[in-house]
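Structure below is data_8.cif: mmCIF, C-alpha atoms.
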data_run
#
loop_
_atom_site.group_PDB
_atom_site.id
_atom_site.type_symbol
_atom_site.label_atom_id
_atom_site.label_comp_id
_atom_site.auth_asym_id
_atom_site.auth_seq_id
_atom_site.Cartn_x
_atom_site.Cartn_y
_atom_site.Cartn_z
ATOM 1 C CA MET P 64 0.000 0.000 0.000
ATOM 2 C CA ARG P 65 2.841 2.378 0.908
ATOM 3 C CA ALA P 66 4.573 1.657 -2.422
ATOM 4 C CA ARG P 67 1.362 2.370 -4.310
ATOM 5 C CA LYS P 68 0.921 5.705 -2.483
ATOM 6 C CA LEU P 69 4.485 6.692 -3.277
ATOM 7 C CA THR P 70 3.983 5.779 -6.933
ATOM 8 C CA CYS P 71 0.807 7.858 -7.189
ATOM 9 C CA ALA P 72 2.502 10.771 -5.423
ATOM 10 C CA SER P 73 5.439 10.705 -7.821
ATOM 11 C CA ILE P 74 3.128 10.607 -10.845
ATOM 12 C CA THR P 75 1.085 13.503 -9.455
ATOM 13 C CA LEU P 76 4.313 15.484 -9.114
ATOM 14 C CA THR P 77 5.127 14.622 -12.727
ATOM 15 C CA VAL P 78 1.772 16.054 -13.846
ATOM 16 C CA VAL P 79 2.466 19.259 -11.926
ATOM 17 C CA LEU P 80 5.987 19.583 -13.321
ATOM 18 C CA LEU P 81 4.780 18.939 -16.872
ATOM 19 C CA CYS P 82 2.180 21.629 -16.422
ATOM 20 C CA GLN P 83 4.796 24.069 -15.154
ATOM 21 C CA SER P 84 7.259 23.238 -17.927
ATOM 22 C CA VAL P 85 5.026 24.659 -20.650
ATOM 23 C CA HIS P 86 4.367 28.012 -19.003
ATOM 24 C CA SER P 87 6.935 29.630 -21.289
ATOM 25 C CA GLN P 88 4.670 28.830 -24.258
ATOM 26 C CA LEU P 89 1.296 27.918 -22.823
ATOM 27 C CA GLN P 90 -0.300 29.012 -19.583
ATOM 28 C CA VAL P 91 -2.950 27.675 -17.227
ATOM 29 C CA GLY P 92 -5.689 30.283 -16.979
ATOM 30 C CA PHE P 93 -4.557 31.902 -20.219
ATOM 31 C CA TYR P 94 -8.042 33.301 -20.902
ATOM 32 C CA GLY P 95 -8.625 34.514 -17.353
ATOM 33 C CA ASN P 96 -8.724 38.207 -18.264
ATOM 34 C CA ALA P 97 -9.758 38.143 -21.917
ATOM 35 C CA CYS P 98 -12.491 35.476 -21.691
ATOM 36 C CA GLY P 99 -12.858 34.164 -18.176
ATOM 37 C CA SER P 100 -15.736 31.801 -18.976
ATOM 38 C CA ALA P 101 -13.937 30.033 -21.839
ATOM 39 C CA GLU P 102 -13.319 26.706 -20.116
ATOM 40 C CA THR P 103 -16.733 26.722 -18.442
ATOM 41 C CA ILE P 104 -18.463 27.192 -21.807
ATOM 42 C CA VAL P 105 -16.497 24.340 -23.404
ATOM 43 C CA LYS P 106 -17.250 22.095 -20.445
ATOM 44 C CA ASP P 107 -20.952 22.902 -20.733
ATOM 45 C CA GLU P 108 -21.008 22.040 -24.431
ATOM 46 C CA VAL P 109 -19.193 18.756 -23.785
ATOM 47 C CA ARG P 110 -21.726 17.928 -21.088
ATOM 48 C CA LYS P 111 -24.661 18.651 -23.406
ATOM 49 C CA GLY P 112 -23.069 16.670 -26.224
ATOM 50 C CA PHE P 113 -22.419 13.733 -23.885
ATOM 51 C CA TYR P 114 -26.026 13.649 -22.711
ATOM 52 C CA ARG P 115 -27.184 13.519 -26.326
ATOM 53 C CA ASP P 116 -24.674 10.830 -27.268
ATOM 54 C CA GLN P 117 -22.269 9.377 -24.720
ATOM 55 C CA GLY P 118 -19.970 8.228 -27.507
ATOM 56 C CA VAL P 119 -19.022 11.826 -28.270
ATOM 57 C CA ALA P 120 -16.607 11.793 -25.311
ATOM 58 C CA ALA P 121 -14.403 9.207 -26.972
ATOM 59 C CA GLY P 122 -14.691 11.129 -30.215
ATOM 60 C CA LEU P 123 -13.402 14.329 -28.616
ATOM 61 C CA VAL P 124 -10.426 12.585 -26.994
ATOM 62 C CA ARG P 125 -9.548 11.033 -30.342
ATOM 63 C CA LEU P 126 -10.063 14.385 -32.091
ATOM 64 C CA HIS P 127 -7.370 15.906 -29.868
ATOM 65 C CA PHE P 128 -4.997 13.000 -30.555
ATOM 66 C CA HIS P 129 -5.491 13.166 -34.314
ATOM 67 C CA ASP P 130 -5.076 16.936 -34.247
ATOM 68 C CA CYS P 131 -1.836 16.905 -32.260
ATOM 69 C CA PHE P 132 -0.151 14.056 -34.145
ATOM 70 C CA VAL P 133 -0.542 15.883 -37.488
ATOM 71 C CA LYS P 134 1.208 19.291 -37.628
ATOM 72 C CA GLY P 135 0.881 19.692 -33.858
ATOM 73 C CA CYS P 136 -2.068 20.817 -31.735
ATOM 74 C CA ASP P 137 -3.253 23.570 -34.058
ATOM 75 C CA GLY P 138 -6.881 22.698 -34.781
ATOM 76 C CA SER P 139 -6.038 21.729 -38.369
ATOM 77 C CA VAL P 140 -8.147 18.560 -38.100
ATOM 78 C CA LEU P 141 -11.248 20.778 -37.908
ATOM 79 C CA ILE P 142 -10.723 22.509 -41.262
ATOM 80 C CA ASP P 143 -13.123 21.516 -44.041
ATOM 81 C CA SER P 144 -11.902 20.405 -47.442
ATOM 82 C CA THR P 145 -12.239 22.820 -50.376
ATOM 83 C CA PRO P 146 -12.397 22.187 -54.134
ATOM 84 C CA GLY P 147 -8.662 22.741 -54.287
ATOM 85 C CA ASN P 148 -7.601 20.930 -51.107
ATOM 86 C CA LEU P 149 -8.495 17.646 -49.414
ATOM 87 C CA ALA P 150 -8.159 18.256 -45.674
ATOM 88 C CA GLU P 151 -7.130 16.000 -42.790
ATOM 89 C CA LYS P 152 -10.685 15.292 -41.676
ATOM 90 C CA ASP P 153 -11.418 13.518 -44.977
ATOM 91 C CA SER P 154 -8.556 11.053 -44.598
ATOM 92 C CA PRO P 155 -9.567 7.374 -44.266
ATOM 93 C CA ALA P 156 -7.989 7.576 -40.811
ATOM 94 C CA ASN P 157 -10.538 10.236 -39.810
ATOM 95 C CA ASP P 158 -13.625 9.723 -41.939
ATOM 96 C CA PRO P 159 -16.066 8.387 -40.840
ATOM 97 C CA SER P 160 -14.524 7.577 -37.464
ATOM 98 C CA LEU P 161 -13.856 11.057 -36.014
ATOM 99 C CA ARG P 162 -16.717 12.547 -34.032
ATOM 100 C CA GLY P 163 -17.431 15.596 -31.929
ATOM 101 C CA TYR P 164 -17.108 18.377 -34.501
ATOM 102 C CA GLU P 165 -20.544 19.711 -33.580
ATOM 103 C CA VAL P 166 -19.492 20.130 -29.934
ATOM 104 C CA ILE P 167 -16.481 22.199 -30.987
ATOM 105 C CA ASP P 168 -18.696 24.264 -33.329
ATOM 106 C CA SER P 169 -21.219 24.980 -30.574
ATOM 107 C CA ALA P 170 -18.548 25.997 -28.089
ATOM 108 C CA LYS P 171 -16.856 28.222 -30.659
ATOM 109 C CA ALA P 172 -20.127 29.956 -31.564
ATOM 110 C CA ARG P 173 -20.815 30.803 -27.928
ATOM 111 C CA LEU P 174 -17.254 31.983 -27.351
ATOM 112 C CA GLU P 175 -17.280 34.193 -30.453
ATOM 113 C CA ALA P 176 -20.508 35.772 -29.248
ATOM 114 C CA MET P 177 -18.972 36.495 -25.857
ATOM 115 C CA CYS P 178 -15.279 37.076 -26.642
ATOM 116 C CA LYS P 179 -14.864 37.611 -30.356
ATOM 117 C CA GLY P 180 -11.530 36.557 -31.812
ATOM 118 C CA VAL P 181 -10.020 35.471 -28.496
ATOM 119 C CA VAL P 182 -10.279 31.709 -27.937
ATOM 120 C CA SER P 183 -8.581 29.432 -30.465
ATOM 121 C CA CYS P 184 -10.131 26.308 -31.911
ATOM 122 C CA ALA P 185 -7.001 24.374 -30.910
ATOM 123 C CA ASP P 186 -7.539 25.294 -27.255
ATOM 124 C CA ILE P 187 -11.221 24.371 -27.460
ATOM 125 C CA VAL P 188 -10.224 20.891 -28.663
ATOM 126 C CA ALA P 189 -7.720 20.538 -25.797
ATOM 127 C CA PHE P 190 -10.281 21.654 -23.199
ATOM 128 C CA ALA P 191 -12.957 19.377 -24.663
ATOM 129 C CA ALA P 192 -10.674 16.335 -24.566
ATOM 130 C CA ARG P 193 -9.911 16.934 -20.883
ATOM 131 C CA ASP P 194 -13.597 17.419 -20.058
ATOM 132 C CA SER P 195 -14.479 14.238 -21.964
ATOM 133 C CA ILE P 196 -11.988 12.252 -19.898
ATOM 134 C CA VAL P 197 -13.468 13.605 -16.672
ATOM 135 C CA ILE P 198 -17.097 12.959 -17.666
ATOM 136 C CA THR P 199 -16.242 9.305 -18.396
ATOM 137 C CA GLY P 200 -14.540 8.700 -15.050
ATOM 138 C CA GLY P 201 -10.978 9.875 -15.627
ATOM 139 C CA LEU P 202 -8.901 12.362 -13.682
ATOM 140 C CA GLY P 203 -9.104 16.059 -14.398
ATOM 141 C CA TYR P 204 -6.042 18.195 -15.045
ATOM 142 C CA GLU P 205 -5.291 21.838 -15.706
ATOM 143 C CA VAL P 206 -4.907 22.537 -19.434
ATOM 144 C CA PRO P 207 -2.283 25.155 -20.282
ATOM 145 C CA ALA P 208 -3.683 27.306 -23.092
ATOM 146 C CA GLY P 209 -2.562 29.887 -25.591
ATOM 147 C CA ARG P 210 -2.439 27.693 -28.696
ATOM 148 C CA ARG P 211 -3.052 29.408 -32.015
ATOM 149 C CA ASP P 212 -4.835 27.890 -34.980
ATOM 150 C CA GLY P 213 -3.000 26.585 -38.038
ATOM 151 C CA ARG P 214 -3.895 27.615 -41.565
ATOM 152 C CA ILE P 215 -2.923 24.407 -43.370
ATOM 153 C CA SER P 216 -4.704 21.034 -43.402
ATOM 154 C CA GLN P 217 -3.671 18.396 -45.923
ATOM 155 C CA VAL P 218 -4.887 14.813 -46.101
ATOM 156 C CA SER P 219 -1.441 13.583 -47.178
ATOM 157 C CA GLU P 220 0.030 14.409 -43.770
ATOM 158 C CA THR P 221 -2.284 11.976 -41.998
ATOM 159 C CA PHE P 222 -0.772 9.018 -43.852
ATOM 160 C CA THR P 223 2.678 9.507 -42.337
ATOM 161 C CA ASN P 224 1.722 10.793 -38.884
ATOM 162 C CA LEU P 225 -1.281 8.813 -37.636
ATOM 163 C CA PRO P 226 -0.407 5.249 -36.534
ATOM 164 C CA PRO P 227 -2.879 2.763 -38.077
ATOM 165 C CA PRO P 228 -4.500 0.004 -35.966
ATOM 166 C CA THR P 229 -2.508 -2.670 -37.805
ATOM 167 C CA LEU P 230 0.916 -1.747 -36.386
ATOM 168 C CA ASN P 231 2.929 -4.243 -34.354
ATOM 169 C CA VAL P 232 4.531 -3.191 -31.078
ATOM 170 C CA ASP P 233 7.887 -2.200 -32.592
ATOM 171 C CA ARG P 234 6.385 0.045 -35.257
ATOM 172 C CA LEU P 235 3.918 1.459 -32.741
ATOM 173 C CA THR P 236 6.787 2.331 -30.425
ATOM 174 C CA GLN P 237 8.623 4.009 -33.299
ATOM 175 C CA ALA P 238 5.537 6.003 -34.323
ATOM 176 C CA PHE P 239 5.144 7.434 -30.819
ATOM 177 C CA ALA P 240 8.891 7.980 -30.399
ATOM 178 C CA LYS P 241 8.797 10.242 -33.469
ATOM 179 C CA LYS P 242 6.466 12.472 -31.472
ATOM 180 C CA GLY P 243 8.677 12.406 -28.387
ATOM 181 C CA PHE P 244 6.882 9.738 -26.357
ATOM 182 C CA THR P 245 8.489 6.884 -24.457
ATOM 183 C CA GLN P 246 7.274 3.333 -24.895
ATOM 184 C CA GLU P 247 5.579 3.501 -21.492
ATOM 185 C CA GLU P 248 3.756 6.686 -22.497
ATOM 186 C CA MET P 249 2.646 4.944 -25.679
ATOM 187 C CA VAL P 250 1.122 2.110 -23.654
ATOM 188 C CA THR P 251 -0.478 4.668 -21.332
ATOM 189 C CA LEU P 252 -2.057 6.703 -24.131
ATOM 190 C CA THR P 253 -3.301 3.594 -25.923
ATOM 191 C CA GLY P 254 -5.495 3.148 -22.870
ATOM 192 C CA ALA P 255 -7.763 5.806 -24.382
ATOM 193 C CA HIS P 256 -9.274 2.818 -26.166
ATOM 194 C CA THR P 257 -11.032 2.077 -22.879
ATOM 195 C CA ILE P 258 -13.859 4.234 -24.270
ATOM 196 C CA GLY P 259 -15.340 4.572 -27.709
ATOM 197 C CA ARG P 260 -16.124 2.322 -30.621
ATOM 198 C CA SER P 261 -14.587 1.052 -33.838
ATOM 199 C CA HIS P 262 -15.977 0.442 -37.277
ATOM 200 C CA CYS P 263 -15.814 -3.212 -38.282
ATOM 201 C CA THR P 264 -13.678 -2.380 -41.294
ATOM 202 C CA SER P 265 -10.810 -1.404 -38.980
ATOM 203 C CA PHE P 266 -10.272 -4.939 -37.698
ATOM 204 C CA SER P 267 -12.314 -7.344 -39.883
ATOM 205 C CA GLU P 268 -9.174 -8.877 -41.422
ATOM 206 C CA ARG P 269 -8.422 -10.322 -37.977
ATOM 207 C CA LEU P 270 -11.708 -12.220 -38.171
ATOM 208 C CA TYR P 271 -11.812 -13.450 -41.754
ATOM 209 C CA ASN P 272 -8.574 -12.871 -43.634
ATOM 210 C CA PHE P 273 -5.670 -12.839 -41.191
ATOM 211 C CA ASN P 274 -2.972 -14.482 -43.322
ATOM 212 C CA GLY P 275 -2.347 -17.236 -45.858
ATOM 213 C CA THR P 276 -2.591 -20.079 -43.347
ATOM 214 C CA THR P 277 -5.353 -19.031 -40.969
ATOM 215 C CA SER P 278 -8.511 -17.022 -41.458
ATOM 216 C CA GLN P 279 -8.684 -15.529 -37.982
ATOM 217 C CA ASP P 280 -5.995 -14.066 -35.736
ATOM 218 C CA PRO P 281 -4.928 -16.833 -33.312
ATOM 219 C CA SER P 282 -4.021 -14.231 -30.676
ATOM 220 C CA LEU P 283 -7.724 -13.378 -30.255
ATOM 221 C CA ASP P 284 -9.940 -15.182 -27.748
ATOM 222 C CA PRO P 285 -12.144 -17.521 -29.866
ATOM 223 C CA MET P 286 -15.285 -16.590 -27.914
ATOM 224 C CA TYR P 287 -14.560 -12.931 -28.552
ATOM 225 C CA VAL P 288 -14.078 -13.679 -32.253
ATOM 226 C CA ALA P 289 -17.483 -15.357 -32.351
ATOM 227 C CA GLN P 290 -19.101 -12.292 -30.767
ATOM 228 C CA LEU P 291 -17.361 -9.945 -33.187
ATOM 229 C CA LYS P 292 -18.404 -12.027 -36.192
ATOM 230 C CA GLN P 293 -22.040 -11.708 -35.144
ATOM 231 C CA LYS P 294 -21.726 -7.924 -35.167
ATOM 232 C CA CYS P 295 -19.444 -7.719 -38.208
ATOM 233 C CA PRO P 296 -20.598 -10.187 -40.918
ATOM 234 C CA GLN P 297 -18.011 -11.214 -43.482
ATOM 235 C CA GLY P 298 -17.969 -9.065 -46.595
ATOM 236 C CA SER P 299 -20.243 -6.378 -45.157
ATOM 237 C CA LYS P 300 -19.549 -2.881 -46.458
ATOM 238 C CA ASN P 301 -22.009 -1.223 -44.079
ATOM 239 C CA PRO P 302 -20.156 1.822 -42.673
ATOM 240 C CA ASN P 303 -22.514 1.976 -39.710
ATOM 241 C CA LEU P 304 -21.442 -1.337 -38.180
ATOM 242 C CA VAL P 305 -19.501 -0.583 -34.990
ATOM 243 C CA VAL P 306 -18.457 -2.392 -31.812
ATOM 244 C CA PRO P 307 -17.190 -1.114 -28.424
ATOM 245 C CA MET P 308 -13.428 -0.741 -28.177
ATOM 246 C CA ASN P 309 -13.558 -2.114 -24.650
ATOM 247 C CA SER P 310 -16.013 -4.966 -24.157
ATOM 248 C CA ASP P 311 -15.305 -5.203 -20.423
ATOM 249 C CA CYS P 312 -16.323 -1.934 -18.767
ATOM 250 C CA PRO P 313 -16.050 1.139 -21.015
ATOM 251 C CA GLY P 314 -14.898 4.235 -19.144
ATOM 252 C CA PHE P 315 -11.864 5.791 -17.501
ATOM 253 C CA GLY P 316 -13.159 4.694 -14.106
ATOM 254 C CA ASP P 317 -11.196 1.459 -14.295
ATOM 255 C CA ALA P 318 -8.606 -0.245 -16.479
ATOM 256 C CA GLY P 319 -10.909 -2.625 -18.337
ATOM 257 C CA TYR P 320 -9.043 -2.009 -21.588
ATOM 258 C CA TYR P 321 -5.878 -3.543 -20.169
ATOM 259 C CA ARG P 322 -7.755 -6.455 -18.610
ATOM 260 C CA GLY P 323 -9.235 -7.076 -22.046
ATOM 261 C CA ILE P 324 -5.778 -7.298 -23.596
ATOM 262 C CA LEU P 325 -4.696 -9.787 -20.932
ATOM 263 C CA ALA P 326 -7.785 -11.829 -21.826
ATOM 264 C CA ASN P 327 -6.775 -11.727 -25.529
ATOM 265 C CA ARG P 328 -9.608 -9.321 -26.305
ATOM 266 C CA GLY P 329 -7.633 -6.435 -27.750
ATOM 267 C CA LEU P 330 -9.756 -5.270 -30.664
ATOM 268 C CA PHE P 331 -6.953 -3.930 -32.863
ATOM 269 C CA THR P 332 -3.673 -5.564 -33.763
ATOM 270 C CA SER P 333 -2.073 -2.493 -32.170
ATOM 271 C CA ASP P 334 -3.881 -3.344 -28.905
ATOM 272 C CA GLN P 335 -3.107 -7.052 -28.656
ATOM 273 C CA THR P 336 0.480 -6.553 -29.834
ATOM 274 C CA LEU P 337 1.289 -4.934 -26.492
ATOM 275 C CA LEU P 338 1.660 -8.459 -25.100
ATOM 276 C CA ALA P 339 4.280 -9.362 -27.719
ATOM 277 C CA ASN P 340 6.997 -7.355 -25.967
ATOM 278 C CA ALA P 341 8.124 -8.053 -22.392
ATOM 279 C CA ALA P 342 8.344 -4.376 -21.432
ATOM 280 C CA THR P 343 4.960 -3.360 -22.852
ATOM 281 C CA ALA P 344 3.322 -6.522 -21.493
ATOM 282 C CA ASN P 345 4.619 -5.594 -18.051
ATOM 283 C CA GLN P 346 3.058 -2.143 -18.414
ATOM 284 C CA VAL P 347 -0.257 -3.697 -19.424
ATOM 285 C CA ILE P 348 -0.197 -5.862 -16.295
ATOM 286 C CA LYS P 349 0.679 -2.905 -14.056
ATOM 287 C CA ASN P 350 -2.080 -0.727 -15.521
ATOM 288 C CA ALA P 351 -4.639 -3.525 -15.182
ATOM 289 C CA ARG P 352 -3.725 -3.996 -11.528
ATOM 290 C CA ASN P 353 -3.552 -0.320 -10.589
ATOM 291 C CA PRO P 354 -6.155 1.777 -12.445
ATOM 292 C CA GLN P 355 -5.528 4.847 -10.281
ATOM 293 C CA ALA P 356 -1.830 4.937 -11.181
ATOM 294 C CA TRP P 357 -2.749 4.532 -14.856
ATOM 295 C CA ARG P 358 -5.233 7.433 -14.697
ATOM 296 C CA LEU P 359 -2.521 9.658 -13.232
ATOM 297 C CA LYS P 360 -0.055 8.612 -15.939
ATOM 298 C CA PHE P 361 -2.714 9.152 -18.576
ATOM 299 C CA ALA P 362 -3.332 12.715 -17.398
ATOM 300 C CA ALA P 363 0.408 13.427 -17.558
ATOM 301 C CA ALA P 364 0.686 11.927 -21.037
ATOM 302 C CA MET P 365 -2.306 13.944 -22.281
ATOM 303 C CA LEU P 366 -0.703 17.120 -20.955
ATOM 304 C CA LYS P 367 2.470 16.265 -22.846
ATOM 305 C CA MET P 368 0.571 15.463 -26.028
ATOM 306 C CA GLY P 369 -1.246 18.788 -25.840
ATOM 307 C CA GLN P 370 2.090 20.587 -26.188
ATOM 308 C CA LEU P 371 3.132 19.003 -29.488
ATOM 309 C CA ASP P 372 4.371 21.634 -31.963
ATOM 310 C CA VAL P 373 1.957 24.290 -30.737
ATOM 311 C CA LEU P 374 1.649 27.665 -32.424
ATOM 312 C CA THR P 375 1.864 30.575 -29.983
ATOM 313 C CA GLY P 376 2.403 34.325 -29.961
ATOM 314 C CA ASN P 377 1.809 35.749 -33.414
ATOM 315 C CA ALA P 378 2.041 32.433 -35.271
ATOM 316 C CA GLY P 379 -1.099 31.114 -36.940
ATOM 317 C CA GLU P 380 -4.412 32.809 -36.207
ATOM 318 C CA ILE P 381 -7.557 32.674 -34.092
ATOM 319 C CA ARG P 382 -10.135 31.214 -36.466
ATOM 320 C CA THR P 383 -13.598 32.786 -36.414
ATOM 321 C CA ASN P 384 -15.088 29.536 -37.717
ATOM 322 C CA CYS P 385 -13.158 26.393 -36.744
ATOM 323 C CA ARG P 386 -13.960 24.793 -40.100
ATOM 324 C CA VAL P 387 -12.590 27.606 -42.261
ATOM 325 C CA ILE P 388 -9.317 29.540 -42.193
ATOM 326 C CA ASN P 389 -9.735 33.302 -41.895
ATOM 327 C CA SER P 390 -9.743 35.136 -45.196
#

Show this structure as structure tokens.
Amino acid sequence: MRARKLTCASITLTVVLLCQSVHSQLQVGFYGNACGSAETIVKDEVRKGFYRDQGVAAGLVRLHFHDCFVKGCDGSVLIDSTPGNLAEKDSPANDPSLRGYEVIDSAKARLEAMCKGVVSCADIVAFAARDSIVITGGLGYEVPAGRRDGRISQVSETFTNLPPPTLNVDRLTQAFAKKGFTQEEMVTLTGAHTIGRSHCTSFSERLYNFNGTTSQDPSLDPMYVAQLKQKCPQGSKNPNLVVPMNSDCPGFGDAGYYRGILANRGLFTSDQTLLANAATANQVIKNARNPQAWRLKFAAAMLKMGQLDVLTGNAGEIRTNCRVINS
């Protein structure tokens, strides 16, 4: 018990230090004078969106991840495509799986009415991700703000920056290392899969066309495969077929995602592959046994992710409409 308390205390200190380390660029309470209700308004819109559709929380967490991993946390994932440019949101990695745009739009509309040209879309996404974690049972954390919005969004950049669900543990580790994350932080952030859903097309090859010698992935629990096949019929092209990412107990309140992996119920190859490496398997076991320590690590990792290649000062802009760059 004493060791667990010391571990949690050290992780809490890490969260605090991470928060302090970005004050040179970003700042907690950044909108205190210019738009004091900014975070409250975003939180309210997340709450309303969650009550309409609880799945939007997972969508907003993923929106933040997919924003930050492509060109940094600059709100570029929100920009609509134009006749002359296919934007990030229309990448196969984002469409139709990304959700929560309407929550960001609603928050932005209210903020523009109250504090015109002050609060960036990138900060709204960061606030909304934090609030989505809290509303689904995770730990809250202070979000340093002051991000500016990017003016470029290109679908081609998603192909080289967003790790697909088919990666093995080595390639997954490399993909996160390129963004400055340790292997342990990669395992921690992958725990976001404890909430949300996946379209069948993202993992159906594990059920029906795994390789030349076996139709289904032998690393998957056969009973789980049978359940998935009922929900995802072979050959179906229905884009509306989805299953929960975590079949155990969806939510940040526990570590059901990691227990699922230990039971060979990791939905993606990139989930189950965490057991293929001794170090990552050990992290999976630790997170499954100590959900509170994982939630603290997750908060720290989210804080770190929210700092990726941010635009500050006079860089970028404050978009009036999150879907369109200012003219």

- Item | Spatial neighbours of Leu252 (chain P), max dist 9 Å, only C-alpha atoms, sep filter under 6 positions, as a PyMOL selection string | chain P and resi 360-361+364-365

Those same residues - C-alpha atoms - I'd like them written as a PDB file, in the frame of the given file.
ATOM      1  CA  LYS P 360      -0.055   8.612 -15.939  1.00  0.00           C
ATOM      2  CA  PHE P 361      -2.714   9.152 -18.576  1.00  0.00           C
ATOM      3  CA  ALA P 364       0.686  11.927 -21.037  1.00  0.00           C
ATOM      4  CA  MET P 365      -2.306  13.944 -22.281  1.00  0.00           C
TER       5      MET P 365
END

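Residue nearest Ser219 (chain P) within the list P:Ala255, P:Leu235, P:Leu149, P:Leu270: P:Leu149 [criterion: smallest interatomic distance, only C-alpha atoms].
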
- Message: With all atoms listed in the file as the counted atoms, please give the residues lying no more than 6 Å from region 327-340 of chain P, apart from itself and same-chain residues fewer than 4 positions off, as a PyMOL selection string.
- Response: chain P and resi 228-232+266+283-284+323+344

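Selection by the PyMOL selection byres ((chain P and resi 162) around 7) on the present file picks out Val119, Gly122, Leu123, Ser160, Leu161, Gly163 and Tyr164 of chain P.
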
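Coordinates place CA of Pro227 (chain P) at a distance of 11.8 Å from CA of Phe239 (chain P).
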
- Query: Using all atoms listed in the file, can you list as an MDAnalysis selection string the residues within 12 Å of (-20.9, 14.6, -20.8)?
  - Reply: chainID P and resid 105:123 163 166 191:200

- Run the PyMOL selection byres ((chain P and resi 346-350) around 8) against the file shown and list the residues it catches, as a ChimeraX atom specification. /P:247,250,318,321-322,324-325,337-338,342-345,351-354,356-357

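Across the structure, CA of Ala208 (chain P) and CA of Ser169 (chain P) are spaced 19.2 Å apart.
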
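You can rank P:Ala172, P:Asp143, P:Glu205, P:Val124 by their closest distance to Val91 (chain P) using only C-alpha atoms, and at the top of that list sits P:Glu205.
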
- Identify the residues within 12 Å of coordinate (-3.0, 29.1, -23.5) (same frame as the file), considering all atoms listed in the file, and give the answer as number ranges by chain. P: 82, 85-98, 101-102, 136-137, 181-187, 189-190, 205-212, 369-370, 373-376

- Query: Between P:Glu248, P:Glu268, P:Glu165, P:Asp372, which one has atoms that come closest to Pro296 (chain P), using all atoms listed in the file?
  - Reply: P:Glu268

- Tell me, in Å to one decimal, how far CA of Cys295 (chain P) is from CA of His262 (chain P). 8.9 Å

- Item | Picked residues, the PyMOL selection byres ((chain P and resi 256) around 7), expected as number ranges by chain | P: 253-255, 257-259, 308-309, 320

For region 142-158 of chain P, I'd like the enclosing box, axis-aligned and padded by 3 Å on every side, reported as JSON with centre and edge lengths in Å to one decimal.
{"center_x": -10.4, "center_y": 15.1, "center_z": -47.0, "size_x": 12.5, "size_y": 21.4, "size_z": 20.5}

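Look at Phe222 (chain P): the protein and nucleic acid residues within 10 Å of it, using only C-alpha atoms and passing over chain neighbours fewer than 2 places away, are P:Val133, P:Glu151, P:Ser154, P:Pro155, P:Ala156, P:Val218, P:Ser219, P:Glu220, P:Asn224, P:Leu225, P:Pro226, P:Pro227.
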
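Comparing P:Val306, P:Leu371, P:Leu141, P:Leu202 by their smallest distance to Ser265 (chain P), the closest is P:Val306 (using all atoms listed in the file).
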
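The smallest atom-to-atom distance between Cys131 (chain P) and any of P:Pro307, P:Pro281, P:Gly213, P:Gly275, using all atoms listed in the file, is found for P:Gly213.
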